[in-house]
>>> print(open('work-v2.cif').read())   # mmCIF, C-alpha atoms and all ligand atoms
data_work
#
loop_
_atom_site.group_PDB
_atom_site.id
_atom_site.type_symbol
_atom_site.label_atom_id
_atom_site.label_comp_id
_atom_site.auth_asym_id
_atom_site.auth_seq_id
_atom_site.Cartn_x
_atom_site.Cartn_y
_atom_site.Cartn_z
ATOM 1 C CA MET H 201 17.190 -2.065 37.061
ATOM 2 C CA GLY H 202 19.066 0.201 34.680
ATOM 3 C CA ALA H 203 20.384 -2.820 32.838
ATOM 4 C CA ASN H 204 16.911 -4.338 32.759
ATOM 5 C CA VAL H 205 15.429 -1.240 31.208
ATOM 6 C CA GLY H 206 18.243 -1.244 28.653
ATOM 7 C CA ILE H 207 17.560 -4.863 27.796
ATOM 8 C CA ILE H 208 13.831 -4.208 27.540
ATOM 9 C CA CYS H 209 14.490 -1.290 25.177
ATOM 10 C CA VAL H 210 16.767 -3.406 22.998
ATOM 11 C CA LEU H 211 14.250 -6.239 22.979
ATOM 12 C CA PHE H 212 11.486 -3.790 22.185
ATOM 13 C CA LEU H 213 13.470 -2.447 19.255
ATOM 14 C CA LEU H 214 14.227 -5.944 18.042
ATOM 15 C CA ALA H 215 10.626 -6.942 18.510
ATOM 16 C CA THR H 216 9.298 -3.956 16.610
ATOM 17 C CA GLN H 217 11.881 -4.412 13.883
ATOM 18 C CA THR H 218 10.783 -7.978 13.333
ATOM 19 C CA VAL H 219 7.227 -6.862 12.734
ATOM 20 C CA GLY H 220 8.020 -3.565 11.069
ATOM 21 C CA VAL H 221 9.710 -2.941 7.780
ATOM 22 C CA PRO H 222 12.068 -5.750 6.847
ATOM 23 C CA ALA H 223 15.660 -4.531 7.043
ATOM 24 C CA PHE H 224 16.775 -4.331 3.458
ATOM 25 C CA ALA H 225 20.334 -4.123 2.353
ATOM 26 C CA PRO H 226 21.009 -1.088 0.188
ATOM 27 C CA TRP H 227 19.394 -1.829 -3.121
ATOM 28 C CA LYS H 228 22.657 -1.579 -5.007
ATOM 29 C CA LYS H 229 23.963 -4.634 -3.184
ATOM 30 C CA LEU H 230 20.855 -6.511 -4.224
ATOM 31 C CA HIS H 231 21.094 -5.298 -7.756
ATOM 32 C CA VAL H 232 22.387 -8.315 -9.579
ATOM 33 C CA PRO H 233 21.868 -8.266 -13.331
ATOM 34 C CA TRP H 234 18.229 -9.319 -13.390
ATOM 35 C CA LYS H 235 17.250 -11.594 -16.170
ATOM 36 C CA LYS H 236 15.977 -9.522 -19.051
ATOM 37 C CA HIS H 237 12.377 -10.323 -19.637
ATOM 38 C CA SER H 238 12.165 -12.190 -22.886
ATOM 39 C CA LYS H 239 9.728 -10.650 -25.302
ATOM 40 C CA GLY H 240 6.865 -12.825 -26.364
ATOM 41 C CA LYS H 241 7.074 -15.028 -23.281
ATOM 42 C CA ILE H 242 3.559 -16.080 -22.385
ATOM 43 C CA ILE H 243 2.685 -15.130 -18.865
ATOM 44 C CA GLN H 244 -0.618 -15.823 -17.261
ATOM 45 C CA LYS H 245 -1.345 -12.521 -15.574
ATOM 46 C CA ASN H 246 -3.525 -14.196 -13.016
ATOM 47 C CA GLN H 247 -0.927 -16.781 -12.138
ATOM 48 C CA ALA H 248 -0.404 -17.320 -8.436
ATOM 49 C CA LEU H 249 2.129 -14.580 -7.796
ATOM 50 C CA PRO H 250 3.248 -14.162 -4.178
ATOM 51 C CA ILE H 251 1.962 -10.552 -4.207
ATOM 52 C CA ASN H 252 -1.601 -11.817 -4.673
ATOM 53 C CA SER H 253 -1.552 -12.939 -1.045
ATOM 54 C CA ILE H 254 -1.254 -10.671 1.965
ATOM 55 C CA PHE H 255 1.687 -11.157 4.317
ATOM 56 C CA LYS H 256 0.700 -12.681 7.647
ATOM 57 C CA LEU H 257 2.731 -13.394 10.752
ATOM 58 C CA PRO H 258 2.967 -17.128 11.508
ATOM 59 C CA ALA H 259 0.698 -16.658 14.551
ATOM 60 C CA PRO H 260 -2.141 -14.169 14.970
ATOM 61 C CA VAL H 261 -1.190 -11.097 16.997
ATOM 62 C CA THR H 262 -3.427 -9.385 19.491
ATOM 63 C CA ASN H 263 -4.147 -5.738 18.931
ATOM 64 C CA SER H 264 -5.657 -5.174 22.346
ATOM 65 C CA TRP H 265 -2.876 -3.906 24.549
ATOM 66 C CA PRO H 266 -3.184 -2.884 28.219
ATOM 67 C CA PRO H 267 -4.741 0.602 28.427
ATOM 68 C CA GLY H 268 -2.901 3.881 28.938
ATOM 69 C CA GLY H 269 -1.527 6.796 26.955
ATOM 70 C CA ASN H 270 -1.724 7.112 23.176
ATOM 71 C CA PHE H 271 0.300 3.992 22.391
ATOM 72 C CA ALA H 272 -1.142 1.984 19.469
ATOM 73 C CA SER H 273 -3.915 4.549 19.018
ATOM 74 C CA GLY H 274 -3.494 4.268 15.254
ATOM 75 C CA THR H 275 -2.466 7.856 14.606
ATOM 76 C CA ILE H 276 0.505 9.974 15.659
ATOM 77 C CA ASP H 277 0.921 13.742 15.566
ATOM 78 C CA LEU H 278 4.314 14.673 14.130
ATOM 79 C CA GLY H 279 3.778 18.355 15.016
ATOM 80 C CA GLY H 280 0.700 19.796 13.305
ATOM 81 C CA LEU H 281 0.681 16.802 10.972
ATOM 82 C CA GLN H 282 -1.287 13.761 12.020
ATOM 83 C CA VAL H 283 -0.422 10.533 10.204
ATOM 84 C CA CYS H 284 -1.834 7.033 10.152
ATOM 85 C CA GLU H 285 -0.839 3.876 8.328
ATOM 86 C CA ALA H 286 -2.875 2.773 5.342
ATOM 87 C CA SER H 287 -2.216 -0.884 4.618
ATOM 88 C CA THR H 288 -5.184 -1.740 2.445
ATOM 89 C CA PHE H 289 -4.653 -0.913 -1.188
ATOM 90 C CA ASN H 290 -6.259 -0.761 -4.600
ATOM 91 C CA LYS H 291 -3.957 -2.134 -7.261
ATOM 92 C CA VAL H 292 -3.470 0.388 -10.063
ATOM 93 C CA TRP H 293 -1.064 -1.468 -12.293
ATOM 94 C CA GLY H 294 1.361 -4.358 -12.579
ATOM 95 C CA THR H 295 4.037 -5.658 -14.908
ATOM 96 C CA TYR H 296 4.915 -9.334 -14.893
ATOM 97 C CA GLY H 297 8.578 -9.594 -15.809
ATOM 98 C CA GLY H 298 11.898 -8.101 -14.690
ATOM 99 C CA GLY H 299 12.783 -7.157 -11.131
ATOM 100 C CA PRO H 300 13.428 -9.690 -8.375
ATOM 101 C CA ASP H 301 12.832 -13.303 -9.545
ATOM 102 C CA ASP H 302 11.758 -11.882 -12.925
ATOM 103 C CA GLN H 303 8.201 -11.601 -11.569
ATOM 104 C CA GLY H 304 7.739 -7.855 -12.110
ATOM 105 C CA PHE H 305 6.210 -5.370 -9.708
ATOM 106 C CA SER H 306 2.937 -3.641 -8.885
ATOM 107 C CA ILE H 307 1.790 -0.166 -7.895
ATOM 108 C CA PHE H 308 -1.040 0.481 -5.442
ATOM 109 C CA GLU H 309 -2.984 3.381 -3.987
ATOM 110 C CA PRO H 310 -4.116 3.379 -0.368
ATOM 111 C CA SER H 311 -7.810 2.566 -0.064
ATOM 112 C CA GLY H 312 -10.193 3.452 2.734
ATOM 113 C CA VAL H 313 -8.243 6.597 3.652
ATOM 114 C CA PRO H 314 -9.876 7.949 6.852
ATOM 115 C CA LYS H 315 -12.015 11.067 6.550
ATOM 116 C CA GLY H 316 -9.913 14.247 6.616
ATOM 117 C CA PHE H 317 -6.702 12.406 5.667
ATOM 118 C CA SER H 318 -4.931 12.720 2.315
ATOM 119 C CA MET H 319 -2.674 10.522 0.238
ATOM 120 C CA LEU H 320 1.037 11.425 0.333
ATOM 121 C CA GLY H 321 2.138 8.915 -2.294
ATOM 122 C CA SER H 322 1.481 5.523 -3.869
ATOM 123 C CA TYR H 323 2.875 2.181 -2.746
ATOM 124 C CA SER H 324 4.934 -0.230 -4.830
ATOM 125 C CA GLN H 325 6.710 -3.538 -4.334
ATOM 126 C CA PRO H 326 8.048 -6.471 -6.357
ATOM 127 C CA ASN H 327 5.584 -9.267 -7.183
ATOM 128 C CA ASN H 328 7.836 -11.968 -5.717
ATOM 129 C CA LYS H 329 6.759 -11.236 -2.124
ATOM 130 C CA PRO H 330 3.357 -11.259 -0.395
ATOM 131 C CA LEU H 331 1.805 -7.804 -0.133
ATOM 132 C CA SER H 332 3.310 -6.469 3.066
ATOM 133 C CA GLY H 333 3.657 -2.710 3.064
ATOM 134 C CA TYR H 334 1.953 0.449 4.207
ATOM 135 C CA VAL H 335 1.949 4.107 3.294
ATOM 136 C CA LEU H 336 1.270 6.946 5.662
ATOM 137 C CA VAL H 337 -1.715 9.164 4.965
ATOM 138 C CA ALA H 338 -1.830 12.564 6.620
ATOM 139 C CA LYS H 339 -4.131 15.227 8.020
ATOM 140 C CA ASP H 340 -3.305 18.863 8.691
ATOM 141 C CA VAL H 341 -3.887 19.508 12.412
ATOM 142 C CA SER H 342 -1.780 22.668 12.609
ATOM 143 C CA THR H 343 -3.289 25.594 14.496
ATOM 144 C CA ASN H 344 -1.872 28.393 12.346
ATOM 145 C CA THR H 345 -4.111 28.479 9.275
ATOM 146 C CA SER H 346 -1.718 30.764 7.385
ATOM 147 C CA ASN H 347 1.011 28.116 7.662
ATOM 148 C CA PRO H 348 -0.666 24.771 6.840
ATOM 149 C CA SER H 349 1.338 21.557 7.205
ATOM 150 C CA LEU H 350 -0.071 20.219 3.904
ATOM 151 C CA LYS H 351 -0.665 21.907 0.548
ATOM 152 C CA GLN H 352 -1.858 20.640 -2.813
ATOM 153 C CA PRO H 353 0.739 20.464 -5.582
ATOM 154 C CA LEU H 354 0.854 23.307 -8.124
ATOM 155 C CA ASP H 355 1.196 20.859 -11.001
ATOM 156 C CA TYR H 356 2.754 17.516 -11.951
ATOM 157 C CA THR H 357 5.810 16.427 -13.917
ATOM 158 C CA LEU H 358 5.479 13.210 -15.913
ATOM 159 C CA VAL H 359 8.606 11.281 -14.914
ATOM 160 C CA TRP H 360 7.971 7.964 -16.693
ATOM 161 C CA ASN H 361 5.475 6.059 -18.739
ATOM 162 C CA SER H 362 5.395 2.532 -20.043
ATOM 163 C CA ALA H 363 3.261 3.153 -23.164
ATOM 164 C CA SER H 364 6.046 2.356 -25.607
ATOM 165 C CA LEU H 365 7.563 -0.540 -23.686
ATOM 166 C CA GLU H 366 7.142 -4.098 -24.865
ATOM 167 C CA ILE H 367 6.551 -5.618 -21.474
ATOM 168 C CA ASP H 368 3.789 -7.757 -20.028
ATOM 169 C CA GLN H 369 1.735 -5.133 -18.270
ATOM 170 C CA ASP H 370 -1.783 -4.096 -17.302
ATOM 171 C CA GLY H 371 -1.875 -1.438 -20.027
ATOM 172 C CA PRO H 372 0.367 1.638 -19.836
ATOM 173 C CA ILE H 373 1.200 3.457 -16.603
ATOM 174 C CA TYR H 374 2.067 7.154 -16.169
ATOM 175 C CA VAL H 375 4.153 8.136 -13.125
ATOM 176 C CA TRP H 376 3.837 11.737 -11.913
ATOM 177 C CA LEU H 377 5.964 13.760 -9.510
ATOM 178 C CA PRO H 378 3.981 16.510 -7.756
ATOM 179 C CA ILE H 379 5.442 20.023 -8.163
ATOM 180 C CA ALA H 380 5.245 21.372 -4.627
ATOM 181 C CA PRO H 381 4.494 24.996 -3.731
ATOM 182 C CA ASN H 382 7.408 27.025 -2.382
ATOM 183 C CA GLY H 383 8.274 25.839 1.143
ATOM 184 C CA TYR H 384 6.727 22.388 0.577
ATOM 185 C CA LYS H 385 8.030 19.075 -0.713
ATOM 186 C CA ALA H 386 6.564 15.960 -2.362
ATOM 187 C CA VAL H 387 6.997 12.705 -0.429
ATOM 188 C CA GLY H 388 5.567 10.342 -3.048
ATOM 189 C CA HIS H 389 4.280 9.804 -6.576
ATOM 190 C CA VAL H 390 0.862 9.603 -8.184
ATOM 191 C CA VAL H 391 0.275 7.096 -10.992
ATOM 192 C CA THR H 392 -2.426 7.054 -13.660
ATOM 193 C CA THR H 393 -3.356 4.610 -16.383
ATOM 194 C CA THR H 394 -4.076 7.378 -18.911
ATOM 195 C CA PRO H 395 -1.855 10.297 -20.059
ATOM 196 C CA THR H 396 -4.228 12.795 -18.401
ATOM 197 C CA LYS H 397 -2.669 14.624 -15.458
ATOM 198 C CA PRO H 398 -4.110 13.604 -12.096
ATOM 199 C CA SER H 399 -6.293 16.049 -10.187
ATOM 200 C CA LEU H 400 -4.434 18.466 -7.905
ATOM 201 C CA GLU H 401 -6.610 17.142 -5.079
ATOM 202 C CA LYS H 402 -5.185 13.659 -5.482
ATOM 203 C CA ILE H 403 -2.168 14.123 -3.219
ATOM 204 C CA MET H 404 -0.660 16.535 -0.691
ATOM 205 C CA CYS H 405 2.825 18.023 -0.359
ATOM 206 C CA VAL H 406 4.337 18.521 3.101
ATOM 207 C CA ARG H 407 5.739 21.708 4.666
ATOM 208 C CA LEU H 408 9.563 21.594 4.516
ATOM 209 C CA ASP H 409 10.189 21.638 8.280
ATOM 210 C CA LEU H 410 8.114 18.433 8.537
ATOM 211 C CA THR H 411 10.269 16.640 5.947
ATOM 212 C CA ASP H 412 13.637 14.972 6.258
ATOM 213 C CA GLN H 413 16.186 13.726 3.776
ATOM 214 C CA CYS H 414 15.638 10.192 2.517
ATOM 215 C CA GLU H 415 17.744 7.671 0.636
ATOM 216 C CA THR H 416 17.010 4.877 -1.787
ATOM 217 C CA ASN H 417 16.752 1.547 -0.046
ATOM 218 C CA SER H 418 15.629 -1.620 -1.787
ATOM 219 C CA PHE H 419 15.351 -2.305 -5.471
ATOM 220 C CA ILE H 420 11.857 -2.789 -6.912
ATOM 221 C CA TRP H 421 12.289 -2.826 -10.697
ATOM 222 C CA ASP H 422 14.217 -1.175 -13.500
ATOM 223 C CA SER H 423 14.049 -0.623 -17.225
ATOM 224 C CA ASP H 424 16.666 1.071 -19.421
ATOM 225 C CA ASN H 425 18.411 2.873 -16.550
ATOM 226 C CA PHE H 426 15.161 3.996 -15.000
ATOM 227 C CA ASN H 427 14.671 2.706 -11.447
ATOM 228 C CA PHE H 428 11.795 2.068 -9.084
ATOM 229 C CA LEU H 429 13.138 2.050 -5.540
ATOM 230 C CA ASP H 430 11.866 1.928 -2.013
ATOM 231 C CA VAL H 431 13.066 4.861 0.140
ATOM 232 C CA ARG H 432 13.766 5.320 3.835
ATOM 233 C CA PRO H 433 15.029 8.181 6.025
ATOM 234 C CA SER H 434 18.766 8.860 5.659
ATOM 235 C CA ASN H 435 19.062 9.626 9.368
ATOM 236 C CA ARG H 436 17.909 6.624 11.334
ATOM 237 C CA GLY H 437 18.280 5.589 14.970
ATOM 238 C CA ILE H 438 16.718 6.111 18.359
ATOM 239 C CA GLN H 439 17.188 9.908 18.345
ATOM 240 C CA ALA H 440 16.633 10.443 14.623
ATOM 241 C CA PRO H 441 13.446 12.351 13.721
ATOM 242 C CA GLY H 442 13.101 10.878 10.202
ATOM 243 C CA VAL H 443 9.825 9.026 9.530
ATOM 244 C CA ARG H 444 9.458 6.494 6.733
ATOM 245 C CA VAL H 445 6.402 7.246 4.566
ATOM 246 C CA GLY H 446 6.321 3.876 2.798
ATOM 247 C CA THR H 447 6.285 5.431 -0.653
ATOM 248 C CA PHE H 448 8.573 4.610 -3.584
ATOM 249 C CA VAL H 449 10.616 6.782 -5.914
ATOM 250 C CA ALA H 450 10.766 6.409 -9.701
ATOM 251 C CA GLN H 451 13.745 8.120 -11.263
ATOM 252 C CA ASN H 452 16.607 8.047 -13.715
ATOM 253 C CA ALA H 453 19.421 5.779 -12.530
ATOM 254 C CA SER H 454 21.888 8.651 -13.056
ATOM 255 C CA LEU H 455 20.370 10.556 -10.110
ATOM 256 C CA ASN H 456 22.055 9.917 -6.770
ATOM 257 C CA SER H 457 19.517 11.241 -4.315
ATOM 258 C CA PRO H 458 15.755 10.698 -4.361
ATOM 259 C CA SER H 459 13.489 13.384 -5.804
ATOM 260 C CA ILE H 460 11.145 12.967 -2.821
ATOM 261 C CA ALA H 461 11.577 13.408 0.941
ATOM 262 C CA CYS H 462 10.610 11.457 4.048
ATOM 263 C CA LEU H 463 8.670 12.936 6.956
ATOM 264 C CA ARG H 464 10.193 14.434 10.084
ATOM 265 C CA ASN H 465 8.795 14.227 13.583
ATOM 266 C CA THR H 466 8.966 17.635 15.267
ATOM 267 C CA ASN H 467 6.918 16.606 18.298
ATOM 268 C CA ALA H 468 7.880 15.003 21.585
ATOM 269 C CA ILE H 469 6.824 11.367 21.395
ATOM 270 C CA PRO H 470 6.662 10.154 25.041
ATOM 271 C CA LYS H 471 2.867 10.151 25.085
ATOM 272 C CA TYR H 472 2.911 7.686 22.182
ATOM 273 C CA MET H 473 5.435 5.347 23.819
ATOM 274 C CA PRO H 474 4.235 2.175 25.557
ATOM 275 C CA ASN H 475 3.986 2.126 29.350
ATOM 276 C CA LEU H 476 5.474 -0.743 31.353
ATOM 277 C CA PRO H 477 2.436 -3.087 31.207
ATOM 278 C CA GLN H 478 2.259 -2.452 27.443
ATOM 279 C CA ILE H 479 5.995 -3.195 27.033
ATOM 280 C CA LYS H 480 5.519 -6.457 28.948
ATOM 281 C CA ALA H 481 2.575 -7.388 26.743
ATOM 282 C CA ILE H 482 4.572 -6.586 23.582
ATOM 283 C CA LEU H 483 7.426 -8.791 24.772
ATOM 284 C CA GLN H 484 4.974 -11.597 25.500
ATOM 285 C CA VAL H 485 3.669 -11.427 21.961
ATOM 286 C CA TYR H 486 6.736 -10.654 19.875
ATOM 287 C CA SER H 487 9.904 -11.796 21.633
ATOM 288 C CA PRO H 488 11.494 -15.051 20.545
ATOM 289 C CA VAL H 489 11.375 -17.972 22.966
ATOM 290 C CA MET H 490 14.773 -19.428 23.769
ATOM 291 C CA SER H 491 15.128 -22.874 25.276
ATOM 292 C CA LEU H 492 18.340 -23.677 27.141
ATOM 293 C CA LEU H 493 19.658 -27.036 28.295
ATOM 294 C CA LEU H 494 20.460 -26.050 31.844
ATOM 295 C CA GLU H 495 22.803 -28.914 32.696
ATOM 296 C CA GLN H 496 25.253 -27.647 30.076
ATOM 297 C CA ILE H 497 25.506 -24.165 31.577
ATOM 298 C CA SER H 498 27.709 -23.359 34.564
ATOM 299 C CA PHE H 499 26.351 -20.504 36.583
ATOM 300 C CA ASN H 500 28.693 -17.901 38.006
ATOM 301 C CA LEU H 501 26.544 -15.691 40.213
HETATM 302 C C1 LIG M 601 1.547 31.790 11.332
HETATM 303 O O1 LIG M 601 2.320 31.495 10.164
HETATM 304 C C2 LIG M 601 2.784 32.673 9.514
HETATM 305 C C3 LIG M 601 3.452 32.238 8.205
HETATM 306 O O2 LIG M 601 4.521 31.353 8.455
HETATM 307 C C4 LIG M 601 3.728 33.419 10.453
HETATM 308 O O3 LIG M 601 4.202 34.610 9.840
HETATM 309 C C5 LIG M 601 3.005 33.775 11.752
HETATM 310 O O4 LIG M 601 3.892 34.342 12.676
HETATM 311 C C6 LIG M 601 2.378 32.530 12.375
HETATM 312 N N1 LIG M 601 1.548 32.889 13.496
HETATM 313 C C7 LIG M 601 1.655 32.307 14.703
HETATM 314 C C8 LIG M 601 0.683 32.780 15.750
HETATM 315 O O5 LIG M 601 2.503 31.480 14.957
HETATM 316 C C1 LIG M 602 18.444 9.367 -17.858
HETATM 317 O O1 LIG M 602 19.364 10.432 -17.896
HETATM 318 C C2 LIG M 602 20.255 10.405 -18.993
HETATM 319 C C3 LIG M 602 21.288 11.503 -18.807
HETATM 320 O O2 LIG M 602 20.687 12.695 -18.391
HETATM 321 C C4 LIG M 602 19.430 10.564 -20.290
HETATM 322 O O3 LIG M 602 20.295 10.507 -21.408
HETATM 323 C C5 LIG M 602 18.425 9.422 -20.380
HETATM 324 O O4 LIG M 602 17.593 9.599 -21.494
HETATM 325 C C6 LIG M 602 17.564 9.367 -19.120
HETATM 326 N N1 LIG M 602 16.745 8.168 -19.180
HETATM 327 C C7 LIG M 602 15.435 8.179 -18.910
HETATM 328 C C8 LIG M 602 14.731 6.861 -19.044
HETATM 329 O O5 LIG M 602 14.829 9.173 -18.583
#
>>> encode(input="work-v2.cif", output="structure tokens")
Amino acid sequence: MGANVGIICVLFLLATQTVGVPAFAPWKKLHVPWKKHSKGKIIQKNQALPINSIFKLPAPVTNSWPPGGNFASGTIDLGGLQVCEASTFNKVWGTYGGGPDDQGFSIFEPSGVPKGFSMLGSYSQPNNKPLSGYVLVAKDVSTNTSNPSLKQPLDYTLVWNSASLEIDQDGPIYVWLPIAPNGYKAVGHVVTTTPTKPSLEKIMCVRLDLTDQCETNSFIWDSDNFNFLDVRPSNRGIQAPGVRVGTFVAQNASLNSPSIACLRNTNAIPKYMPNLPQIKAILQVYSPVMSLLLEQISFNL
């Protein structure tokens, strides 16, 4: 039985990994010298880029699991900070050259954020893949009102803008890093299409004890030693409390560590874990089917 549980856990991890975030190699390994986008090249902005379609699994997946507990309830409480995944987006901006396959990249904001939840950062990915990501949005559910889990930024720093770049783009983009109050940290960027600073209500910063160190992961795009990168928690694994937010970081290539953080789970999670009937249902849906030719196998029981 012990071995069975172990196998089920491994399968569960594999199963969730196949549907979760694709495992990227560190971006540096992927960073081949991308073709420089040739100026004056005519690009139809509405051409059929992969990102214009939404990623779908080859077969539809049920979202009605056997009942019990808080598994698959759509939100999780990380300890006074409730988060849920936003996977529908409004596109803010795109550029159509450079990056993987020389197809450029796009930046999105979560749309349809549930009432009471706030944006923690924008989403970005290269245009050469179907739209497939999510960002977490968060709600302060802490009980101590003098120690909120979320606070508005004090101000913003403009970290990059594309106004002077000769690239195929949807007008200029301005990328802002929130300046967090003391004891808080930004976990994502805000972008605008005008030089006017975004409203301080646009995004929330997270209390330090609910953040964890993150690292750059996959390459999205670069220009003159300025990088757009996906980030993930530095400490990963079954016991690791780091939580991926789904946001990107935009920063000078000379910086080694990201200017933003990931989230950190400070709560016990058993009530969010699947029970046995739910695990069985997950395996039914997600596990690969292996066919063996029995006559070629000698059993040794
Ligand atoms: C509430 O937070 C404040 C500020 O961190 C702290 O001094 C105080 O002890 C907390 N109160 C409770 C009841 O935890
Ligand atoms: C990146 O940093 C270097 C060294 O600090 C600086 O010279 C360069 O202008 C920066 N590039 C951008 C795009 O900010």
>>> closest_residue(input="work-v2.cif", among="H:Gln369, H:Ser318, H:Thr262, H:Ser491", to="Ser306 of chain H", atoms="only C-alpha atoms")
H:Gln369
>>> atom_distance(input="work-v2.cif", atom1="atom CA of Ser434 of chain H", atom2="atom CA of Gly446 of chain H")
13.7 Å
>>> closest_residue(input="work-v2.cif", among="H:Tyr384, H:Tyr334, H:Tyr472, H:Tyr323", to="Leu429 of chain H", atoms="all atoms listed in the file")
H:Tyr323
>>> closest_residue(input="work-v2.cif", among="H:Ile403, H:Ala259, H:Ala450, H:Ile460", to="ligand LIG 602 (chain M)", atoms="only C-alpha atoms and all ligand atoms")
H:Ala450
>>> residues_near_ligand(input="work-v2.cif", ligand="ligand LIG 601 (chain M)", cutoff="12 Å", atoms="all atoms listed in the file", output="ChimeraX atom specification")
/H:280,342-349,383,407-409
>>> write_last_selection(input="work-v2.cif", atoms="C-alpha atoms", output="short mmCIF file (atom, residue, chain, number, x, y, z; two decimals), keeping the file's coordinate frame")
data_model
loop_
_atom_site.label_atom_id
_atom_site.label_comp_id
_atom_site.auth_asym_id
_atom_site.auth_seq_id
_atom_site.Cartn_x
_atom_site.Cartn_y
_atom_site.Cartn_z
CA GLY H 280 0.70 19.80 13.30
CA SER H 342 -1.78 22.67 12.61
CA THR H 343 -3.29 25.59 14.50
CA ASN H 344 -1.87 28.39 12.35
CA THR H 345 -4.11 28.48 9.28
CA SER H 346 -1.72 30.76 7.38
CA ASN H 347 1.01 28.12 7.66
CA PRO H 348 -0.67 24.77 6.84
CA SER H 349 1.34 21.56 7.20
CA GLY H 383 8.27 25.84 1.14
CA ARG H 407 5.74 21.71 4.67
CA LEU H 408 9.56 21.59 4.52
CA ASP H 409 10.19 21.64 8.28
#
>>> atom_distance(input="work-v2.cif", atom1="atom CA of Asp370 of chain H", atom2="atom CA of Met404 of chain H")
26.5 Å
>>> closest_atom_pairs(input="work-v2.cif", of="chain H", to="ligand LIG 602 (chain M)", cutoff="6 Å", atoms="only C-alpha atoms and all ligand atoms", output="JSON lines")
{"residue": "H:Asn425", "atom": "CA", "partner": "M:LIG602", "partner_atom": "C8", "distance": 6.0}
{"residue": "H:Phe426", "atom": "CA", "partner": "M:LIG602", "partner_atom": "C8", "distance": 5.0}
{"residue": "H:Asn452", "atom": "CA", "partner": "M:LIG602", "partner_atom": "C1", "distance": 4.7}
{"residue": "H:Ser454", "atom": "CA", "partner": "M:LIG602", "partner_atom": "O1", "distance": 5.7}
>>> resolve_selection(input="work-v2.cif", expression="the PyMOL selection byres (((chain H and resi 474) around 10) and not hetatm)", output="PDB file with C-alpha atoms, keeping the file's coordinate frame")
ATOM      1  CA  PHE H 212      11.486  -3.790  22.185  1.00  0.00           C
ATOM      2  CA  TRP H 265      -2.876  -3.906  24.549  1.00  0.00           C
ATOM      3  CA  PRO H 266      -3.184  -2.884  28.219  1.00  0.00           C
ATOM      4  CA  PRO H 267      -4.741   0.602  28.427  1.00  0.00           C
ATOM      5  CA  GLY H 268      -2.901   3.881  28.938  1.00  0.00           C
ATOM      6  CA  GLY H 269      -1.527   6.796  26.955  1.00  0.00           C
ATOM      7  CA  ASN H 270      -1.724   7.112  23.176  1.00  0.00           C
ATOM      8  CA  PHE H 271       0.300   3.992  22.391  1.00  0.00           C
ATOM      9  CA  ALA H 272      -1.142   1.984  19.469  1.00  0.00           C
ATOM     10  CA  PRO H 470       6.662  10.154  25.041  1.00  0.00           C
ATOM     11  CA  LYS H 471       2.867  10.151  25.085  1.00  0.00           C
ATOM     12  CA  TYR H 472       2.911   7.686  22.182  1.00  0.00           C
ATOM     13  CA  MET H 473       5.435   5.347  23.819  1.00  0.00           C
ATOM     14  CA  ASN H 475       3.986   2.126  29.350  1.00  0.00           C
ATOM     15  CA  LEU H 476       5.474  -0.743  31.353  1.00  0.00           C
ATOM     16  CA  PRO H 477       2.436  -3.087  31.207  1.00  0.00           C
ATOM     17  CA  GLN H 478       2.259  -2.452  27.443  1.00  0.00           C
ATOM     18  CA  ILE H 479       5.995  -3.195  27.033  1.00  0.00           C
ATOM     19  CA  LYS H 480       5.519  -6.457  28.948  1.00  0.00           C
ATOM     20  CA  ALA H 481       2.575  -7.388  26.743  1.00  0.00           C
ATOM     21  CA  ILE H 482       4.572  -6.586  23.582  1.00  0.00           C
TER      22      ILE H 482
END
>>> resolve_selection(input="work-v2.cif", expression="the PyMOL selection byres (((chain H and resi 445) around 6) and not hetatm)", output="VMD selection string")
chain H and resid 335 to 336 444 446 to 447 462
>>> residues_around(input="work-v2.cif", residues="segment 358-362 of chain H", least_positions_apart="6", cutoff="9 Å", atoms="all atoms listed in the file", output="number ranges by chain")
H: 369, 371-378, 395, 397, 426, 450-452
>>> write_last_selection(input="work-v2.cif", atoms="C-alpha atoms", output="PDB file, in the frame of the given file")
ATOM      1  CA  GLN H 369       1.735  -5.133 -18.270  1.00  0.00           C
ATOM      2  CA  GLY H 371      -1.875  -1.438 -20.027  1.00  0.00           C
ATOM      3  CA  PRO H 372       0.367   1.638 -19.836  1.00  0.00           C
ATOM      4  CA  ILE H 373       1.200   3.457 -16.603  1.00  0.00           C
ATOM      5  CA  TYR H 374       2.067   7.154 -16.169  1.00  0.00           C
ATOM      6  CA  VAL H 375       4.153   8.136 -13.125  1.00  0.00           C
ATOM      7  CA  TRP H 376       3.837  11.737 -11.913  1.00  0.00           C
ATOM      8  CA  LEU H 377       5.964  13.760  -9.510  1.00  0.00           C
ATOM      9  CA  PRO H 378       3.981  16.510  -7.756  1.00  0.00           C
ATOM     10  CA  PRO H 395      -1.855  10.297 -20.059  1.00  0.00           C
ATOM     11  CA  LYS H 397      -2.669  14.624 -15.458  1.00  0.00           C
ATOM     12  CA  PHE H 426      15.161   3.996 -15.000  1.00  0.00           C
ATOM     13  CA  ALA H 450      10.766   6.409  -9.701  1.00  0.00           C
ATOM     14  CA  GLN H 451      13.745   8.120 -11.263  1.00  0.00           C
ATOM     15  CA  ASN H 452      16.607   8.047 -13.715  1.00  0.00           C
TER      16      ASN H 452
END
>>> closest_residue(input="work-v2.cif", among="H:Asn328, H:Thr411, H:Tyr296, H:Val443", to="Cys284 of chain H", atoms="only C-alpha atoms")
H:Val443
>>> closest_residue(input="work-v2.cif", among="H:Lys291, H:His389, H:Arg464, H:Lys402", to="Gln352 of chain H", atoms="only C-alpha atoms")
H:Lys402
>>> closest_residue(input="work-v2.cif", among="H:Asp412, H:Ser459, H:Ser418, H:Leu400", to="Ala440 of chain H", atoms="only C-alpha atoms")
H:Asp412
